[in-house]
Amino acid sequence: MAAQGTEYAAAARRVAAGADPRSEASALVGLMTDDERRWCLDGDLPFWTGLEDLGVGGYHRRPFPAARVDRLGIPGFAFSDGPRGVVIGPATAFPVSMARGATWDLDLEERIGEAIGAELRAVGATLYGGVCVNILRHPAWGRAQETYGEDPFHVGELGAALTRGVQRHAMACVKHFAANSMENARFTVDVTVDEVALHEVYLPHFKRIVDEGVASVMSAYNAVNGEWCGQSPTLLTDILRDEWGFDGMVISDWIFGLRDAGPSVAAGLDVEMPYRMIRHAGLDAALAAGQCTDDDIAEAVTNTITTLLRFADVLAEPSPGIESLASPAHRALAREAATKAAVLLRNEAVGGRPVLPLAAEDLARVAVLGSLADVRNLGDGGSSDVWAPEVVTPFAGIRDALAGRADVVTDPGSDLDAAARLAGQADVAVVVVGYTKADEGEFIGGSGTAHLVDLMPGADDPDLEAAFRAVLAADTEPYVNPNSTAGDQLGFSKGGDRASLRLRDDDVALIGSVASANPRTIVAIVAGSAVLIDEWVDLVPAVVQSWYAGMEGGHAVADVLLGRAEPSGRLAFTVPADESHLPEFDREATEATYDQWHGYWRLARDGHRAAFPFGFGLSYTDLALSHADAAILAGEIQVTASVVNRGERPGVDVVQVYAGPVGGISRLVGFARVEVDAGQTADVDIRVALNRLARRDPTAHEWVAPQGVHRVVVARHAEDPAAVQVELDLDLG
Ligand code: BGC
């Protein structure tokens, strides 16, 4: 909160009374000394002190401060990461974003945002770095779990909902701008992307979240079309400021987010994070060489202070207490999200009826098997790691749900015969397999960072500097700081991009053994994105994608398997029938071309059918579209649809609207999650602004309104054979 009686506090009062935040910020910048202005250009902590703290665990102990100027009362900001919650303190670990993407539930995502915003403030942070919306171009991307899916419209809506929620309490930061869809090579790769692919596929969701009023944008590490994102005038000025009218602040990604002091300031990067590094060392020379000007510096600081003033009233609200971390209400929300996120991929009959939902009254003994059955497995171990005070594992969740009714046993399954014996003695076997943070997640070190250590300033502690250089240069064992408390280690996350899209051989072998011992075998897949399962799927009657489901994940999986909740998740990515149907992915690439073609529309273009299409998920009841129509009214496409539930249980469906020119590819332009009681019909009304169908003209560098006949497809997933198609002549609209 801003100190009273200061110039900043007076400016904040005027803004609250209606003054323009930018003019007030400019006036404050006019009152600053040169040194104060330069102070605001990077994080407030000195480099090596900060880096040591970060490397030995401080990363997740306190926020990163920046742009604080006490003389004028400017509070600066205090950054903390996400997206699966707040990474500081014993916070609520929500399911990862990819799981939340599978809920298609904007109201839920907004409520999660609100809970996260409250917890963020409770740990003393004011800026939330958890709105991660890079597009899932390929499922091997190590940080796939941090985004919502492969489709820009869907990702944008979910990210906007999170932003709305968070910004009731704090400022949100959307990242990583832009085209950051691979991990191991993120510090080096130059992504070539033409204007159409950039604006139609890699940027629309960022624009959506900017339109939502997001406070901040974090630039990406990679380069786009030869410009490092942290110093790209094209991205940071031409597109973000000039074309989109972004009025907030731009911060860099951490430590290696820019290479050159002057060009980064001139390009429109406002704050170098998290420490004084490149700018601190190079700004004098850059100014002397004319690479940036004092006006550029003033502009950057004005952007930051404008943002602080815009949020001054929100940040003046008292912080919630520390008891809001993992509070019962927030845990309930995490459970709701994990339950809604579970995607039922397969549910075949055994003994004449679908194996799921399980009837608790028929169960005397359940075996929960697999290396992930009873371990804390929340996902990435890097910047998104949330230190939840406890985690309900799948085994614990199923055991609790059947307490007093059935005997629930668990085993990691490393001895296949023993696992088969346990399965054979049980009424049902649940096999929990997939990945951990060792298989996918943030990657720092190795060849990705070895060549960057020379960007670091010289250290006052040569031993520490040498140790860091070693850690960043190789996949060595973590350095143990001899001066720190026991257990503190200097080390960073090494998950990285996935080496394979399949399960490990031992997991597949376990599934085979268990399935041969018990026909009622259910596989729960823990992963951040698509897993190819064709080599074993026919061995088992049921498969659920249960994700890194957060601290309440075990309760959620039990609720879904036992039918206490409906499986209502729908994939927000395509699971291809064959890996060759995906775009190329080279995790060591120094150059990559991102074209318009990935995801379900790539498969549509190439005539491939997915193993499990985008938008797909089964239900326990019998849902169908009973009606759908579309018309142009008042400059929008108005879609009406009805979902009928012909089964005997309540159900949830996601009505999806795809559209595109006749003869071209249709892409998602609208969706609505709808609950339908048994035997009932529910209506939905989905409005599609015509500009969602606009095309980018690469010659004029602007959007062209859609023209001619377009096909509107109302469907339950991207390959729905029962989809209803309506052709609309937009010229007549
Ligand atoms: C990640 C960002 C994160 C930042 C701060 C970087 O390595 O790429 O997503 O916000 O660290 O933790």
# chains A, B, ... in the order shown; residues from 1 in each chain; ligands from 1
>>> closest_atom_pairs(of="range 100-162 of chain A", to="range 371-394 of chain A", cutoff="8 Å", atoms="only C-alpha atoms", output="CSV")
residue,atom,partner,partner_atom,distance
A:Gly130,CA,A:Ser384,CA,7.9
A:Arg143,CA,A:Asp380,CA,7.5
A:Gln145,CA,A:Gly379,CA,7.7
A:Glu146,CA,A:Ser384,CA,7.8
>>> write_last_selection(atoms="N, CA, C and O atoms", output="tab-separated table (two decimals), in the first residue's frame")
chain	number	residue	atom	x	y	z
A	130	GLY	N	0.91	-15.51	-13.39
A	130	GLY	CA	0.37	-16.84	-13.70
A	130	GLY	C	-0.60	-16.90	-14.86
A	130	GLY	O	-1.27	-17.92	-15.04
A	143	ARG	N	6.25	-27.16	-20.91
A	143	ARG	CA	5.39	-26.36	-20.04
A	143	ARG	C	3.96	-26.32	-20.55
A	143	ARG	O	3.19	-25.42	-20.20
A	145	GLN	N	1.50	-27.85	-19.58
A	145	GLN	CA	0.57	-27.82	-18.45
A	145	GLN	C	0.25	-26.42	-17.97
A	145	GLN	O	-0.74	-26.20	-17.29
A	146	GLU	N	1.11	-25.44	-18.29
A	146	GLU	CA	0.90	-24.07	-17.79
A	146	GLU	C	-0.05	-23.26	-18.66
A	146	GLU	O	-0.42	-22.15	-18.29
>>> residues_around(residues="range 535-538 of chain A", least_positions_apart="2", cutoff="9 Å", atoms="only C-alpha atoms", output="CSV table (one decimal) with N, CA and C atoms, in the first residue's frame")
chain,number,residue,atom,x,y,z
A,346,ARG,N,-12.5,-43.2,-22.5
A,346,ARG,CA,-13.0,-44.5,-22.9
A,346,ARG,C,-13.8,-45.1,-21.7
A,508,VAL,N,3.4,-49.2,-19.4
A,508,VAL,CA,2.6,-50.0,-20.4
A,508,VAL,C,2.6,-51.5,-19.9
A,511,ILE,N,0.1,-51.8,-17.1
A,511,ILE,CA,-1.3,-51.9,-17.6
A,511,ILE,C,-1.6,-53.2,-18.1
A,512,GLY,N,-0.7,-53.8,-18.9
A,512,GLY,CA,-0.9,-55.1,-19.5
A,512,GLY,C,-1.1,-56.2,-18.4
A,523,VAL,N,-7.6,-46.9,-16.3
A,523,VAL,CA,-6.3,-46.2,-16.3
A,523,VAL,C,-6.5,-44.7,-16.1
A,532,LEU,N,-0.1,-40.4,-26.3
A,532,LEU,CA,-0.5,-41.4,-27.3
A,532,LEU,C,-0.7,-42.7,-26.6
A,533,ILE,N,-1.9,-43.4,-26.7
A,533,ILE,CA,-2.2,-44.5,-25.9
A,533,ILE,C,-2.6,-45.7,-26.8
A,540,VAL,N,-7.8,-52.2,-21.9
A,540,VAL,CA,-8.6,-51.8,-20.7
A,540,VAL,C,-9.9,-51.2,-21.1
A,541,PRO,N,-11.0,-51.4,-20.3
A,541,PRO,CA,-12.3,-50.8,-20.6
A,541,PRO,C,-12.4,-49.3,-20.4
A,542,ALA,N,-11.6,-48.7,-19.5
A,542,ALA,CA,-11.8,-47.3,-19.2
A,542,ALA,C,-10.5,-46.6,-19.0
A,543,VAL,N,-10.5,-45.3,-19.6
A,543,VAL,CA,-9.4,-44.4,-19.4
A,543,VAL,C,-9.9,-43.0,-19.1
>>> closest_residue(among="A:Asp559, A:Glu336, A:Glu299, A:Glu317", to="Gly397 in chain A", atoms="only C-alpha atoms")
A:Asp559
>>> residues_near_ligand(ligand="ligand 1", cutoff="8 Å", atoms="only C-alpha atoms and all ligand atoms", output="number ranges by chain")
A: 59, 80-82, 129-130, 132, 175-176, 218, 220-221, 253-255, 274, 382-384, 442, 444
>>> closest_residue(among="A:Ala549, A:Ala401, A:Ala17, A:Ile135", to="Gly85 in chain A", atoms="only C-alpha atoms")
A:Ala549
>>> closest_residue(among="A:Ala438, A:Ala91, A:Ile632, A:Leu356", to="Glu323 in chain A", atoms="only C-alpha atoms")
A:Ala91
>>> select_by_dssp(residues="range 16-188 of chain A", states="alpha helix (DSSP H)", output="MDAnalysis selection string")
chainID A and resid 16 21:31 34:39 47:55 97:101 106:122 152:166
>>> residues_around(residues="Pro95 in chain A", least_positions_apart="6", cutoff="9 Å", atoms="only C-alpha atoms", output="PyMOL selection string")
chain A and resi 84-85+334-335+337-338+341+378-379+547-553
>>> residues_around(residues="Ala286 in chain A", least_positions_apart="2", cutoff="12 Å", atoms="only C-alpha atoms", output="number ranges by chain")
A: 260-266, 278-284, 288-294, 296-297
>>> residues_around(residues="range 649-663 of chain A", least_positions_apart="2", cutoff="7 Å", atoms="only C-alpha atoms", output="PyMOL selection string")
chain A and resi 566+568+619+621+645+647+665-678+693+709-717
>>> closest_residue(among="A:Glu195, A:Glu227, A:Asp190, A:Asp400", to="Ala558 in chain A", atoms="only C-alpha atoms")
A:Asp400
>>> select_by_dssp(residues="range 631-695 of chain A", states="strand (DSSP E)", output="PDB file with C-alpha atoms, in the first residue's frame")
ATOM      1  CA  ALA A 631     -28.247 -16.449 -37.977  1.00  0.00           C
ATOM      2  CA  ILE A 632     -26.692 -13.040 -38.352  1.00  0.00           C
ATOM      3  CA  LEU A 633     -28.330 -10.494 -36.134  1.00  0.00           C
ATOM      4  CA  GLU A 636     -23.134 -10.949 -34.651  1.00  0.00           C
ATOM      5  CA  ILE A 637     -23.632 -14.573 -35.434  1.00  0.00           C
ATOM      6  CA  GLN A 638     -26.234 -15.771 -33.010  1.00  0.00           C
ATOM      7  CA  VAL A 639     -26.156 -19.476 -32.410  1.00  0.00           C
ATOM      8  CA  THR A 640     -28.902 -21.289 -30.614  1.00  0.00           C
ATOM      9  CA  ALA A 641     -28.575 -24.918 -29.659  1.00  0.00           C
ATOM     10  CA  SER A 642     -30.253 -27.456 -27.432  1.00  0.00           C
ATOM     11  CA  VAL A 643     -28.687 -30.410 -25.711  1.00  0.00           C
ATOM     12  CA  VAL A 644     -30.920 -33.298 -24.785  1.00  0.00           C
ATOM     13  CA  ASN A 645     -30.076 -35.731 -22.016  1.00  0.00           C
ATOM     14  CA  GLY A 651     -25.001 -34.578 -17.429  1.00  0.00           C
ATOM     15  CA  VAL A 652     -22.792 -31.738 -18.561  1.00  0.00           C
ATOM     16  CA  ASP A 653     -21.905 -30.904 -22.119  1.00  0.00           C
ATOM     17  CA  VAL A 654     -19.855 -28.280 -23.894  1.00  0.00           C
ATOM     18  CA  VAL A 655     -21.499 -26.915 -27.010  1.00  0.00           C
ATOM     19  CA  GLN A 656     -18.791 -25.782 -29.406  1.00  0.00           C
ATOM     20  CA  VAL A 657     -19.153 -23.458 -32.375  1.00  0.00           C
ATOM     21  CA  TYR A 658     -16.627 -23.653 -35.179  1.00  0.00           C
ATOM     22  CA  ALA A 659     -16.708 -21.355 -38.201  1.00  0.00           C
ATOM     23  CA  GLY A 660     -14.777 -20.558 -41.344  1.00  0.00           C
ATOM     24  CA  PRO A 661     -15.216 -19.814 -45.015  1.00  0.00           C
ATOM     25  CA  ARG A 667     -11.978 -22.905 -36.111  1.00  0.00           C
ATOM     26  CA  LEU A 668     -13.503 -22.471 -32.677  1.00  0.00           C
ATOM     27  CA  VAL A 669     -15.345 -19.173 -32.270  1.00  0.00           C
ATOM     28  CA  GLY A 670     -17.623 -19.837 -29.326  1.00  0.00           C
ATOM     29  CA  PHE A 671     -18.537 -22.357 -26.642  1.00  0.00           C
ATOM     30  CA  ALA A 672     -20.855 -22.840 -23.717  1.00  0.00           C
ATOM     31  CA  ARG A 673     -20.792 -25.351 -20.898  1.00  0.00           C
ATOM     32  CA  VAL A 674     -24.271 -26.547 -20.109  1.00  0.00           C
ATOM     33  CA  GLU A 675     -25.769 -28.754 -17.404  1.00  0.00           C
ATOM     34  CA  VAL A 676     -28.724 -30.937 -18.378  1.00  0.00           C
ATOM     35  CA  THR A 681     -33.251 -30.448 -22.679  1.00  0.00           C
ATOM     36  CA  ALA A 682     -31.138 -27.354 -22.073  1.00  0.00           C
ATOM     37  CA  ASP A 683     -30.807 -24.429 -24.450  1.00  0.00           C
ATOM     38  CA  VAL A 684     -27.743 -22.348 -25.075  1.00  0.00           C
ATOM     39  CA  ASP A 685     -27.324 -19.081 -26.849  1.00  0.00           C
ATOM     40  CA  ILE A 686     -23.830 -18.289 -28.108  1.00  0.00           C
ATOM     41  CA  ARG A 687     -22.940 -14.929 -29.668  1.00  0.00           C
ATOM     42  CA  VAL A 688     -20.030 -14.756 -32.064  1.00  0.00           C
ATOM     43  CA  ALA A 689     -18.709 -11.314 -32.937  1.00  0.00           C
ATOM     44  CA  ARG A 695      -8.424 -12.476 -41.571  1.00  0.00           C
TER      45      ARG A 695
END
>>> closest_residue(among="A:Gly445, A:Pro139, A:Gly213, A:Gly404", to="Pro576 in chain A", atoms="only C-alpha atoms")
A:Pro139
>>> residues_around(residues="Gln167 in chain A", least_positions_apart="6", cutoff="9 Å", atoms="only C-alpha atoms", output="ChimeraX atom specification")
/A:113-114,117,213-215,311,314
>>> closest_residue(among="A:Pro354, A:Gly73, A:Gly50, A:Pro318", to="Glu7 in chain A", atoms="only C-alpha atoms")
A:Gly73
>>> residues_around(residues="Ile305 in chain A", least_positions_apart="6", cutoff="9 Å", atoms="only C-alpha atoms", output="mmCIF file with all heavy atoms, in the first residue's frame")
data_model
loop_
_atom_site.group_PDB
_atom_site.id
_atom_site.type_symbol
_atom_site.label_atom_id
_atom_site.label_comp_id
_atom_site.auth_asym_id
_atom_site.auth_seq_id
_atom_site.Cartn_x
_atom_site.Cartn_y
_atom_site.Cartn_z
ATOM 1 N N PRO A 21 -4.637 8.349 -15.218
ATOM 2 C CA PRO A 21 -3.444 7.766 -14.591
ATOM 3 C C PRO A 21 -2.160 8.091 -15.361
ATOM 4 O O PRO A 21 -1.111 8.318 -14.748
ATOM 5 C CB PRO A 21 -3.710 6.257 -14.624
ATOM 6 C CG PRO A 21 -5.158 6.092 -14.889
ATOM 7 C CD PRO A 21 -5.665 7.342 -15.520
ATOM 8 N N ARG A 22 -2.252 8.164 -16.661
ATOM 9 C CA ARG A 22 -1.020 8.407 -17.436
ATOM 10 C C ARG A 22 -0.508 9.831 -17.208
ATOM 11 O O ARG A 22 0.690 10.044 -17.040
ATOM 12 C CB ARG A 22 -1.272 8.123 -18.931
ATOM 13 C CG ARG A 22 -0.012 8.219 -19.780
ATOM 14 C CD ARG A 22 -0.114 7.442 -21.075
ATOM 15 N NE ARG A 22 0.010 6.015 -20.856
ATOM 16 C CZ ARG A 22 1.169 5.350 -20.808
ATOM 17 N NH1 ARG A 22 2.311 5.994 -20.943
ATOM 18 N NH2 ARG A 22 1.191 4.054 -20.610
ATOM 19 N N GLU A 24 -0.998 11.628 -14.590
ATOM 20 C CA GLU A 24 -0.479 11.675 -13.219
ATOM 21 C C GLU A 24 0.885 10.988 -13.145
ATOM 22 O O GLU A 24 1.788 11.452 -12.455
ATOM 23 C CB GLU A 24 -1.461 10.992 -12.257
ATOM 24 C CG GLU A 24 -2.780 11.725 -12.088
ATOM 25 C CD GLU A 24 -2.600 13.076 -11.376
ATOM 26 O OE1 GLU A 24 -1.633 13.228 -10.598
ATOM 27 O OE2 GLU A 24 -3.421 13.986 -11.619
ATOM 28 N N ALA A 25 1.017 9.874 -13.874
ATOM 29 C CA ALA A 25 2.297 9.154 -13.866
ATOM 30 C C ALA A 25 3.385 10.016 -14.492
ATOM 31 O O ALA A 25 4.502 10.108 -13.978
ATOM 32 C CB ALA A 25 2.156 7.831 -14.614
ATOM 33 N N SER A 26 3.053 10.683 -15.595
ATOM 34 C CA SER A 26 4.049 11.557 -16.247
ATOM 35 C C SER A 26 4.525 12.633 -15.295
ATOM 36 O O SER A 26 5.721 12.937 -15.234
ATOM 37 C CB SER A 26 3.426 12.302 -17.411
ATOM 38 O OG SER A 26 3.297 11.558 -18.466
ATOM 39 N N LEU A 28 4.614 12.484 -12.065
ATOM 40 C CA LEU A 28 5.494 11.874 -11.060
ATOM 41 C C LEU A 28 6.880 11.602 -11.636
ATOM 42 O O LEU A 28 7.897 11.835 -10.979
ATOM 43 C CB LEU A 28 4.890 10.552 -10.559
ATOM 44 C CG LEU A 28 3.786 10.654 -9.522
ATOM 45 C CD1 LEU A 28 3.112 9.294 -9.328
ATOM 46 C CD2 LEU A 28 4.356 11.136 -8.186
ATOM 47 N N VAL A 29 6.900 11.124 -12.863
ATOM 48 C CA VAL A 29 8.197 10.846 -13.494
ATOM 49 C C VAL A 29 8.987 12.146 -13.624
ATOM 50 O O VAL A 29 10.213 12.164 -13.447
ATOM 51 C CB VAL A 29 7.995 10.140 -14.856
ATOM 52 C CG1 VAL A 29 9.316 10.006 -15.609
ATOM 53 C CG2 VAL A 29 7.365 8.766 -14.641
ATOM 54 N N ALA A 67 10.762 -1.381 -8.894
ATOM 55 C CA ALA A 67 10.230 -0.036 -9.153
ATOM 56 C C ALA A 67 9.691 0.675 -7.917
ATOM 57 O O ALA A 67 8.737 1.446 -8.003
ATOM 58 C CB ALA A 67 9.155 -0.087 -10.254
ATOM 59 N N ILE A 74 6.322 5.810 -4.143
ATOM 60 C CA ILE A 74 5.927 4.867 -5.217
ATOM 61 C C ILE A 74 6.155 3.445 -4.707
ATOM 62 O O ILE A 74 7.284 3.078 -4.370
ATOM 63 C CB ILE A 74 6.747 5.137 -6.491
ATOM 64 C CG1 ILE A 74 6.404 6.536 -7.010
ATOM 65 C CG2 ILE A 74 6.471 4.077 -7.560
ATOM 66 C CD1 ILE A 74 7.351 7.053 -8.077
ATOM 67 N N GLY A 76 5.982 0.550 -6.154
ATOM 68 C CA GLY A 76 6.513 -0.489 -7.029
ATOM 69 C C GLY A 76 5.585 -1.684 -7.037
ATOM 70 O O GLY A 76 4.413 -1.588 -6.640
ATOM 71 N N GLY A 248 -0.520 -0.813 -20.149
ATOM 72 C CA GLY A 248 0.090 -1.301 -18.921
ATOM 73 C C GLY A 248 1.604 -1.323 -18.994
ATOM 74 O O GLY A 248 2.223 -0.549 -19.731
ATOM 75 N N MET A 249 2.211 -2.217 -18.216
ATOM 76 C CA MET A 249 3.691 -2.277 -18.190
ATOM 77 C C MET A 249 4.166 -3.623 -18.725
ATOM 78 O O MET A 249 3.516 -4.650 -18.554
ATOM 79 C CB MET A 249 4.213 -2.053 -16.774
ATOM 80 C CG MET A 249 3.757 -3.098 -15.791
ATOM 81 S SD MET A 249 4.356 -2.701 -14.130
ATOM 82 C CE MET A 249 3.493 -3.936 -13.182
#
